[in-house]
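S.K.: Handing over data.cif, mmCIF, C-alpha atoms.
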data_data
loop_
_atom_site.label_atom_id
_atom_site.label_comp_id
_atom_site.auth_asym_id
_atom_site.auth_seq_id
_atom_site.Cartn_x
_atom_site.Cartn_y
_atom_site.Cartn_z
CA MET A 1 0.00 0.00 0.00
CA HIS A 2 2.83 2.36 0.89
CA GLU A 3 4.49 1.80 -2.51
CA PHE A 4 1.20 2.46 -4.31
CA ASP A 5 0.78 5.71 -2.35
CA ASN A 6 4.27 6.82 -3.43
CA VAL A 7 3.54 6.10 -7.10
CA PHE A 8 0.21 7.94 -6.89
CA ILE A 9 1.83 10.98 -5.25
CA GLN A 10 4.59 11.05 -7.88
CA LEU A 11 2.05 10.99 -10.72
CA LEU A 12 0.00 13.66 -8.95
CA VAL A 13 3.06 15.92 -8.68
CA LEU A 14 3.76 15.61 -12.40
CA MET A 15 0.10 16.17 -13.22
CA ALA A 16 0.05 19.34 -11.12
CA ILE A 17 3.16 20.63 -12.92
CA ALA A 18 1.71 19.74 -16.31
CA ILE A 19 -1.65 21.44 -15.69
CA ALA A 20 0.11 24.54 -14.31
CA VAL A 21 2.22 24.77 -17.49
CA VAL A 22 -0.90 24.38 -19.65
CA GLY A 23 -2.60 27.18 -17.73
CA VAL A 24 0.33 29.57 -18.21
CA ALA A 25 0.68 28.65 -21.91
CA LYS A 26 -3.02 29.30 -22.55
CA LYS A 27 -2.78 32.72 -20.89
CA LEU A 28 0.22 33.56 -23.10
CA HIS A 29 -1.58 32.17 -26.20
CA GLN A 30 1.25 29.72 -26.89
CA PRO A 31 1.00 26.01 -27.89
CA ASP A 32 0.69 24.22 -24.54
CA THR A 33 2.11 20.93 -25.85
CA ILE A 34 5.37 22.59 -26.89
CA ALA A 35 5.53 24.50 -23.60
CA LEU A 36 5.18 21.17 -21.76
CA VAL A 37 8.04 19.62 -23.73
CA LEU A 38 10.29 22.60 -22.98
CA VAL A 39 9.48 22.50 -19.25
CA GLY A 40 10.05 18.74 -19.27
CA LEU A 41 13.44 19.28 -20.89
CA PHE A 42 14.32 21.82 -18.23
CA LEU A 43 13.28 19.48 -15.42
CA GLY A 44 15.14 16.60 -17.05
CA ILE A 45 18.38 18.56 -17.43
CA VAL A 46 18.40 20.54 -14.19
CA THR A 47 18.58 18.61 -10.95
CA LEU A 48 16.16 20.26 -8.57
CA PRO A 49 16.61 19.85 -4.79
CA ILE A 50 12.95 18.83 -4.43
CA PRO A 51 12.71 15.09 -3.56
CA LEU A 52 9.13 14.59 -4.76
CA ILE A 53 9.82 16.01 -8.23
CA ASP A 54 13.12 14.15 -8.54
CA HIS A 55 11.52 10.84 -7.53
CA ALA A 56 8.60 11.43 -9.89
CA GLU A 57 11.03 12.04 -12.78
CA GLU A 58 12.99 8.87 -12.01
CA TYR A 59 9.86 6.76 -11.81
CA ILE A 60 8.00 8.06 -14.84
CA THR A 61 11.00 7.96 -17.19
CA GLN A 62 11.64 4.26 -16.68
CA SER A 63 11.19 2.58 -20.07
CA ASN A 64 8.49 0.14 -18.97
CA VAL A 65 6.51 2.80 -17.11
CA PHE A 66 6.67 5.35 -19.94
CA GLN A 67 5.76 2.75 -22.55
CA ALA A 68 2.86 1.38 -20.47
CA ILE A 69 1.44 4.83 -19.71
CA ILE A 70 1.60 6.10 -23.29
CA ILE A 71 0.59 2.99 -25.23
CA SER A 72 -1.64 0.97 -22.89
CA LEU A 73 -3.33 3.81 -20.99
CA PHE A 74 -3.32 7.01 -23.02
CA LEU A 75 -3.30 5.80 -26.64
CA PRO A 76 -6.81 4.25 -26.58
CA ILE A 77 -8.10 7.42 -24.87
CA LEU A 78 -6.59 9.81 -27.43
CA LEU A 79 -7.61 7.72 -30.43
CA GLY A 80 -11.14 7.18 -29.13
CA ASP A 81 -11.61 10.85 -28.35
CA ALA A 82 -10.30 11.88 -31.79
CA THR A 83 -12.74 9.59 -33.60
CA LEU A 84 -15.67 10.90 -31.55
CA LYS A 85 -14.74 14.53 -32.30
CA LEU A 86 -13.97 14.10 -36.02
CA PRO A 87 -17.30 14.00 -37.88
CA PHE A 88 -17.25 11.05 -40.24
CA HIS A 89 -18.91 13.03 -43.04
CA HIS A 90 -16.02 15.53 -42.90
CA LEU A 91 -13.52 12.71 -43.19
CA TYR A 92 -15.54 11.03 -45.94
CA LYS A 93 -15.52 14.26 -47.95
CA TRP A 94 -11.71 14.17 -48.12
CA LYS A 95 -11.38 10.37 -48.02
CA LYS A 96 -9.22 10.01 -51.13
CA THR A 97 -6.66 12.55 -49.98
CA VAL A 98 -6.55 11.09 -46.46
CA LEU A 99 -6.17 7.50 -47.71
CA TRP A 100 -3.50 8.40 -50.24
CA MET A 101 -1.50 10.19 -47.53
CA ALA A 102 -2.10 7.58 -44.83
CA LEU A 103 -1.43 4.54 -47.03
CA GLY A 104 0.77 5.62 -49.91
CA GLY A 105 2.54 8.38 -48.02
CA THR A 106 3.29 6.22 -44.98
CA PHE A 107 4.66 3.32 -47.02
CA LEU A 108 6.77 5.61 -49.22
CA SER A 109 8.13 7.45 -46.19
CA PHE A 110 8.92 4.09 -44.55
CA ILE A 111 10.88 2.89 -47.60
CA ILE A 112 12.79 6.16 -48.10
CA ILE A 113 13.78 6.54 -44.43
CA GLY A 114 14.69 2.85 -44.10
CA PHE A 115 17.05 2.71 -47.06
CA SER A 116 18.48 6.19 -46.34
CA ALA A 117 19.21 5.31 -42.70
CA HIS A 118 20.88 2.10 -43.85
CA TYR A 119 23.06 3.60 -46.58
CA LEU A 120 23.70 7.13 -45.27
CA ILE A 121 23.92 6.55 -41.51
CA GLY A 122 25.09 2.95 -41.73
CA LEU A 123 22.43 1.39 -39.52
CA PRO A 124 21.87 -2.37 -39.88
CA ILE A 125 18.89 -3.05 -42.14
CA ALA A 126 16.52 -4.19 -39.36
CA VAL A 127 17.49 -1.20 -37.19
CA ALA A 128 17.10 1.21 -40.11
CA PHE A 129 13.59 0.04 -40.95
CA THR A 130 12.55 -0.08 -37.30
CA PHE A 131 13.56 3.58 -37.05
CA ALA A 132 11.74 4.25 -40.35
CA ALA A 133 8.52 2.79 -38.96
CA LEU A 134 8.76 5.02 -35.89
CA MET A 135 9.26 8.08 -38.10
CA SER A 136 6.28 7.24 -40.29
CA ALA A 137 3.80 8.00 -37.50
CA THR A 138 2.63 11.61 -37.21
CA ASP A 139 1.26 13.35 -34.12
CA PRO A 140 -1.38 15.98 -34.90
CA ILE A 141 -2.10 17.13 -31.34
CA SER A 142 0.19 20.17 -31.34
CA VAL A 143 -0.55 21.05 -34.95
CA LEU A 144 -4.34 20.91 -34.63
CA SER A 145 -4.36 23.22 -31.62
CA ILE A 146 -2.25 25.68 -33.62
CA PHE A 147 -4.49 25.24 -36.68
CA LYS A 148 -7.53 26.00 -34.52
CA SER A 149 -6.07 29.14 -32.97
CA ALA A 150 -4.81 30.38 -36.36
CA GLY A 151 -8.13 29.75 -38.10
CA VAL A 152 -6.91 27.19 -40.63
CA SER A 153 -9.62 25.69 -42.83
CA GLU A 154 -11.71 22.70 -41.80
CA LYS A 155 -10.39 20.89 -44.88
CA LEU A 156 -6.74 21.04 -43.79
CA SER A 157 -7.54 20.20 -40.16
CA THR A 158 -9.61 17.19 -41.22
CA ILE A 159 -6.95 15.92 -43.63
CA MET A 160 -4.19 16.31 -41.04
CA GLU A 161 -6.13 14.54 -38.29
CA GLY A 162 -7.47 11.84 -40.60
CA GLU A 163 -4.01 11.06 -41.92
CA SER A 164 -2.63 10.74 -38.41
CA LEU A 165 -5.43 8.48 -37.16
CA PHE A 166 -4.81 5.97 -39.93
CA ASN A 167 -1.06 6.25 -40.34
CA ASP A 168 -0.46 5.69 -36.61
CA GLY A 169 -2.03 2.25 -36.96
CA ILE A 170 -0.07 1.50 -40.14
CA ALA A 171 3.20 2.71 -38.60
CA ILE A 172 2.72 0.51 -35.52
CA VAL A 173 2.14 -2.56 -37.71
CA LEU A 174 5.26 -1.71 -39.76
CA PHE A 175 7.19 -1.28 -36.51
CA GLN A 176 6.14 -4.70 -35.25
CA ILE A 177 7.07 -6.36 -38.55
CA SER A 178 10.43 -4.52 -38.80
CA SER A 179 11.55 -5.13 -35.23
CA LEU A 180 10.41 -8.76 -35.00
CA TYR A 181 10.34 -10.37 -38.44
CA LEU A 182 12.29 -8.31 -40.98
CA LEU A 183 15.55 -10.28 -40.90
CA THR A 184 13.66 -13.55 -41.26
CA TYR A 185 11.71 -12.21 -44.24
CA ILE A 186 14.91 -10.90 -45.90
CA GLU A 187 16.46 -14.37 -45.66
CA MET A 188 13.33 -15.83 -47.29
CA GLY A 189 13.71 -13.61 -50.38
CA TRP A 190 10.55 -12.97 -52.42
CA ALA A 191 8.64 -15.42 -50.28
CA GLY A 192 9.48 -13.18 -47.34
CA VAL A 193 8.01 -10.17 -49.14
CA GLY A 194 4.76 -12.09 -49.57
CA SER A 195 4.81 -13.18 -45.93
CA GLY A 196 5.37 -9.59 -44.81
CA ILE A 197 2.47 -8.30 -46.90
CA TRP A 198 0.21 -11.10 -45.62
CA LEU A 199 1.16 -10.36 -42.00
CA PHE A 200 0.48 -6.66 -42.54
CA LEU A 201 -2.96 -7.42 -43.97
CA GLN A 202 -3.72 -9.73 -41.05
CA PHE A 203 -2.82 -7.01 -38.55
CA ALA A 204 -4.68 -4.24 -40.37
CA VAL A 205 -7.81 -6.06 -41.60
CA GLY A 206 -8.12 -7.95 -38.31
CA GLY A 207 -8.00 -4.65 -36.40
CA VAL A 208 -10.68 -3.14 -38.63
CA LEU A 209 -12.98 -6.15 -38.16
CA VAL A 210 -12.59 -6.17 -34.37
CA GLY A 211 -13.32 -2.44 -34.24
CA LEU A 212 -16.34 -2.61 -36.55
CA VAL A 213 -17.93 -5.48 -34.64
CA LEU A 214 -17.40 -3.96 -31.19
CA GLY A 215 -18.44 -0.50 -32.38
CA PHE A 216 -21.69 -1.93 -33.76
CA VAL A 217 -22.41 -4.00 -30.62
CA PHE A 218 -21.82 -1.08 -28.25
CA SER A 219 -23.89 1.22 -30.47
CA GLN A 220 -26.80 -1.20 -30.09
CA ILE A 221 -26.39 -1.21 -26.30
CA ILE A 222 -26.77 2.56 -25.93
CA ARG A 223 -29.99 2.49 -27.98
CA PHE A 224 -31.79 1.27 -24.87
CA TYR A 225 -30.58 4.07 -22.57
CA ASP A 226 -30.71 7.82 -22.28
CA ASP A 227 -28.30 8.07 -19.37
CA TYR A 228 -25.10 9.94 -20.19
CA PRO A 229 -22.95 8.70 -17.24
CA PHE A 230 -23.73 5.13 -18.27
CA GLU A 231 -23.06 5.87 -21.94
CA ILE A 232 -19.75 7.56 -21.09
CA ALA A 233 -18.74 4.42 -19.18
CA ILE A 234 -19.74 2.34 -22.22
CA SER A 235 -17.53 4.48 -24.47
CA ALA A 236 -14.55 3.97 -22.13
CA ILE A 237 -15.07 0.20 -22.11
CA LEU A 238 -15.31 0.28 -25.91
CA PHE A 239 -12.04 2.17 -26.41
CA PHE A 240 -10.00 0.07 -24.00
CA GLY A 241 -11.80 -3.16 -24.88
CA SER A 242 -11.21 -2.70 -28.61
CA TYR A 243 -7.52 -2.10 -28.03
CA PHE A 244 -6.83 -4.98 -25.67
CA ILE A 245 -9.07 -7.52 -27.41
CA ALA A 246 -7.40 -6.76 -30.73
CA GLU A 247 -3.92 -7.00 -29.21
CA HIS A 248 -4.89 -10.31 -27.56
CA LEU A 249 -5.95 -11.60 -30.99
CA HIS A 250 -2.60 -10.41 -32.43
CA VAL A 251 -4.13 -7.78 -34.68
CA SER A 252 -3.76 -3.99 -34.56
CA GLY A 253 -5.24 -2.47 -31.41
CA VAL A 254 -4.79 1.05 -32.75
CA ILE A 255 -6.74 0.34 -35.95
CA ALA A 256 -9.40 -1.43 -33.88
CA VAL A 257 -9.93 1.63 -31.65
CA VAL A 258 -10.13 3.95 -34.67
CA ALA A 259 -12.69 1.72 -36.42
CA ALA A 260 -14.73 1.24 -33.23
CA GLY A 261 -14.66 4.94 -32.41
CA PHE A 262 -15.91 5.97 -35.84
CA VAL A 263 -18.77 3.46 -35.73
CA PHE A 264 -19.73 4.42 -32.17
CA GLY A 265 -19.46 8.17 -32.79
CA ASP A 266 -21.26 8.22 -36.14
CA TYR A 267 -23.68 5.28 -36.23
CA GLY A 268 -24.06 5.00 -32.45
CA GLY A 269 -24.46 8.76 -32.17
CA LYS A 270 -27.35 8.72 -34.65
CA ILE A 271 -29.27 5.79 -33.19
CA GLY A 272 -28.48 6.00 -29.48
CA MET A 273 -27.24 9.42 -28.28
CA SER A 274 -29.38 12.35 -27.30
CA GLU A 275 -28.00 15.87 -27.65
CA ASN A 276 -27.44 15.94 -23.89
CA THR A 277 -25.47 12.68 -23.99
CA GLU A 278 -23.40 13.81 -26.95
CA ARG A 279 -22.54 17.09 -25.25
CA ASN A 280 -21.60 15.43 -21.96
CA ILE A 281 -19.59 12.62 -23.53
CA ASN A 282 -17.53 15.20 -25.44
CA VAL A 283 -16.94 17.27 -22.29
CA PHE A 284 -15.85 14.17 -20.36
CA TRP A 285 -13.31 13.13 -22.97
CA ASP A 286 -12.12 16.74 -23.33
CA VAL A 287 -11.07 16.68 -19.67
CA ILE A 288 -9.47 13.23 -19.88
CA THR A 289 -7.50 14.08 -23.04
CA LEU A 290 -6.33 17.37 -21.51
CA ILE A 291 -4.83 15.45 -18.59
CA ALA A 292 -3.43 12.72 -20.85
CA ASN A 293 -1.83 15.14 -23.31
CA SER A 294 -0.43 17.30 -20.53
CA LEU A 295 1.31 14.34 -18.91
CA ILE A 296 2.47 12.88 -22.23
CA PHE A 297 4.30 15.96 -23.47
CA LEU A 298 5.81 16.75 -20.08
CA ILE A 299 7.10 13.17 -19.90
CA VAL A 300 8.54 13.43 -23.42
CA GLY A 301 10.69 16.32 -22.23
CA LEU A 302 11.66 14.52 -19.00
CA GLU A 303 12.86 11.52 -21.01
CA ILE A 304 16.02 13.46 -21.94
CA ARG A 305 17.63 12.21 -18.71
CA ASN A 306 17.85 8.72 -20.29
CA ILE A 307 19.34 9.81 -23.63
CA ASN A 308 23.08 10.16 -24.24
CA PHE A 309 23.82 12.68 -27.01
CA ALA A 310 27.61 12.68 -26.56
CA GLY A 311 29.49 12.36 -29.88
CA GLN A 312 26.30 11.54 -31.81
CA TRP A 313 25.50 14.88 -33.43
CA ASN A 314 26.52 13.80 -36.95
CA ILE A 315 24.03 10.96 -37.17
CA ILE A 316 21.37 13.09 -35.45
CA ILE A 317 21.66 15.77 -38.15
CA TYR A 318 21.54 13.09 -40.86
CA ALA A 319 18.45 11.55 -39.25
CA VAL A 320 16.59 14.87 -39.04
CA PHE A 321 17.43 15.65 -42.67
CA ILE A 322 16.36 12.18 -43.85
CA VAL A 323 13.01 12.33 -42.04
CA ILE A 324 12.16 15.81 -43.35
CA ALA A 325 13.21 14.90 -46.92
CA ALA A 326 11.20 11.66 -46.80
CA ARG A 327 8.09 13.56 -45.66
CA ILE A 328 8.49 16.04 -48.54
CA ILE A 329 8.89 13.32 -51.16
CA ALA A 330 6.18 11.05 -49.75
CA LEU A 331 3.64 13.85 -49.41
CA PHE A 332 4.42 15.18 -52.92
CA PHE A 333 3.71 11.84 -54.58
CA SER A 334 0.84 10.76 -52.30
CA THR A 335 -1.08 14.01 -52.85
CA MET A 336 -0.57 14.14 -56.62
CA PRO A 337 -4.07 12.65 -57.22
CA ALA A 338 -5.57 15.25 -54.83
CA ARG A 339 -6.63 18.03 -57.19
CA SER A 340 -8.27 19.93 -54.33
CA LEU A 341 -4.93 20.72 -52.62
CA ASN A 342 -2.93 23.69 -53.84
CA ARG A 343 0.82 24.21 -53.44
CA LYS A 344 0.54 26.31 -50.26
CA GLU A 345 -1.70 23.73 -48.60
CA ARG A 346 0.78 20.97 -49.47
CA VAL A 347 3.61 22.99 -47.92
CA LEU A 348 1.67 23.38 -44.67
CA LEU A 349 0.66 19.70 -44.53
CA ASN A 350 4.27 18.76 -45.11
CA TRP A 351 5.71 20.94 -42.34
CA GLY A 352 2.83 20.01 -40.04
CA GLY A 353 3.67 16.30 -40.05
CA LEU A 354 5.16 16.37 -36.53
CA LYS A 355 6.49 13.35 -34.71
CA GLY A 356 5.42 12.80 -31.12
CA SER A 357 5.15 10.66 -28.03
CA LEU A 358 3.94 7.52 -29.83
CA SER A 359 7.29 7.23 -31.62
CA ILE A 360 9.21 7.46 -28.34
CA ALA A 361 6.90 5.02 -26.54
CA LEU A 362 7.30 2.45 -29.34
CA ALA A 363 11.07 2.88 -29.32
CA LEU A 364 11.10 2.27 -25.57
CA SER A 365 9.08 -0.91 -26.10
CA LEU A 366 11.98 -2.50 -27.99
CA PRO A 367 13.45 -5.39 -25.97
CA ALA A 368 16.74 -4.75 -24.20
CA ASP A 369 18.52 -7.30 -26.42
CA PHE A 370 17.40 -5.64 -29.68
CA GLU A 371 20.52 -4.75 -31.64
CA GLY A 372 20.76 -0.99 -32.03
CA ARG A 373 18.10 -0.18 -29.41
CA GLU A 374 20.06 2.75 -27.96
CA THR A 375 20.71 4.19 -31.42
CA VAL A 376 17.02 3.95 -32.30
CA LEU A 377 16.11 5.67 -29.02
CA LEU A 378 18.67 8.43 -29.57
CA LEU A 379 17.59 9.20 -33.14
CA THR A 380 13.88 8.93 -32.37
CA PHE A 381 14.12 11.26 -29.39
CA ALA A 382 16.25 13.77 -31.32
CA VAL A 383 13.88 13.89 -34.31
CA VAL A 384 10.81 14.16 -32.08
CA LEU A 385 12.37 17.09 -30.18
CA PHE A 386 13.33 18.85 -33.42
CA SER A 387 9.86 18.22 -34.79
CA LEU A 388 7.94 19.48 -31.76
CA ILE A 389 10.12 22.49 -30.98
CA VAL A 390 11.49 23.74 -34.34
CA GLN A 391 8.61 22.74 -36.60
CA GLY A 392 5.96 23.25 -33.93
CA LEU A 393 7.04 26.81 -33.09
CA SER A 394 7.33 27.79 -36.76
CA ILE A 395 3.94 26.51 -37.94
CA LYS A 396 1.92 29.57 -36.94
CA PRO A 397 4.31 32.02 -38.69
CA LEU A 398 4.23 29.70 -41.72
CA ILE A 399 0.41 29.78 -41.75
CA ARG A 400 0.50 33.59 -41.79
CA LYS A 401 3.19 33.64 -44.46
CA LEU A 402 1.17 31.32 -46.70
CA GLY A 403 -2.03 33.25 -46.06
CA LEU A 404 -3.93 30.14 -44.97
CA ASN A 405 -5.52 31.64 -41.86
CA GLU A 406 -9.21 32.29 -42.43
CA LYS A 407 -9.67 34.59 -39.44
#
Go ahead and render the structure in this file as structure tokens.

M.R.:
Amino acid sequence: MHEFDNVFIQLLVLMAIAIAVVGVAKKLHQPDTIALVLVGLFLGIVTLPIPLIDHAEEYITQSNVFQAIIISLFLPILLGDATLKLPFHHLYKWKKTVLWMALGGTFLSFIIIGFSAHYLIGLPIAVAFTFAALMSATDPISVLSIFKSAGVSEKLSTIMEGESLFNDGIAIVLFQISSLYLLTYIEMGWAGVGSGIWLFLQFAVGGVLVGLVLGFVFSQIIRFYDDYPFEIAISAILFFGSYFIAEHLHVSGVIAVVAAGFVFGDYGGKIGMSENTERNINVFWDVITLIANSLIFLIVGLEIRNINFAGQWNIIIYAVFIVIAARIIALFFSTMPARSLNRKERVLLNWGGLKGSLSIALALSLPADFEGRETVLLLTFAVVLFSLIVQGLSIKPLIRKLGLNEK
């Protein structure tokens, strides 16, 4: 009991710091996610003579704790909330652009980063493509808050969020294949290519089916109730249940949550949610995601205490350049069929493809005996920091420069 109390107090301390930072950032009209990362970096670098904060940092930045908090606890929450808030008819309107970016763009980015990291940085092939998978996931949280405050069009916000929802699931599947099976498939030759494609389809299609079935079942349940606390509880069970059931069946939990959330939010919302329920369920998840995001981005900054940058700046610079170049190339080709996007909008979508906490959490999930684990962690953390701080802070000026703010 005493140990549990200590853990709870440590998490409470970090939550208090995170919410305080968010409050100050909102008053200053600055992106709170980036402010949290910067404060986390400060706390990670500077040793403060405050035992509670120091103990909280040490506990939360342990690989297994960080990975469990981000992936098992917060990821289903963030994905579920995003699917509830993103109207399906908006997404359907831009479906071709979103699918081209999420499918074609993610795969192309994965291939470019993988081969570039192998030949330019000299990473072993399995390590290079594991890093590539991590860099293929985008994190729209910071960008969308900036888009909202800058008055960017609904079209660009929908495309950015839709791409992220789908490419996170694809990137996680690619990560699992690269880190666990890639060397085996390479040894198998063309048969290995077929096996890799089949495994990917199993993960992806299986996740979709689990999500669709559970989303439909839970939508039917709420038809019989007009009780928003009960329906909120049902939504929480759906998000976590979809994720863990899918993972137990060895298919994609992320894709399952996205599919379930869309069915529950769109179909379930039409047949089983009153206006009062819909309003309250959105408010509930707004609060939960505020807490989750606040802790996530503070923890990302704190994680610097476990990263050794000494003598690694050359490969870090190469990695940042490779990831940015891959995004430019992948987005250029994947949006070629999208006649509705002009050049300025493509520039903003390209620079807005930030990397975030999911990439770091997945990197930390690599087993200790994975060859190149420390290199993957170093490069992933460095690119995520560059992405959040340099790209994140320059997005609003870029929006003004491109004239894409509607306000």

S.K.: If you count all atoms listed in the file, which residues fall within 12 Å of Leu156 in chain A, apart from same-chain ones fewer than 3 positions away, as a VMD selection string?

M.R.: chain A and resid 90 to 91 93 to 94 97 to 98 140 143 to 144 147 to 148 151 to 153 159 to 163 340 to 342 344 to 350 352 399 404 to 406

S.K.: With only C-alpha atoms as the basis for distance, which of A:Ile288, A:Ile245, A:Ile111, A:Ile271 is at the shortest distance from Phe216 in chain A?

M.R.: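 Selected residue with least distance to Phe216 in chain A: A:Ile271.
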
S.K.: Determine, counting only C-alpha atoms, which protein, DNA and RNA residues have an atom within 10 Å of an atom of Ile70 in chain A; residues of the same chain fewer than 3 positions away are not included. Present the result as number ranges by chain.

M.R.: A: 65-67, 73-78, 292-293, 295-296, 299, 357-358, 360-362

S.K.: Name the residues that the PyMOL selection byres ((chain A and resi 125-131) around 7) picks from the file above, as a VMD selection string, using the file's chain letters and numbers.

M.R.: chain A and resid 114 117 to 118 123 to 124 132 to 135 175 178 to 179 182 to 183 372 376

S.K.: Identify the residues around (-4.6, -4.1, -39.3) within a radius of 8 Å, measuring from only C-alpha atoms in the coordinates stated by the file, and give them as JSON, numbers by chain.

M.R.: {"A": [169, 170, 173, 200, 201, 202, 203, 204, 205, 206, 207, 208, 251, 252, 255, 256]}

S.K.: Mind pulling up the distance from CA of Trp285 in chain A to CA of Ser136 in chain A?

M.R.: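 Pair CA of Ser136 in chain A / CA of Trp285 in chain A returns 26.8 Å.
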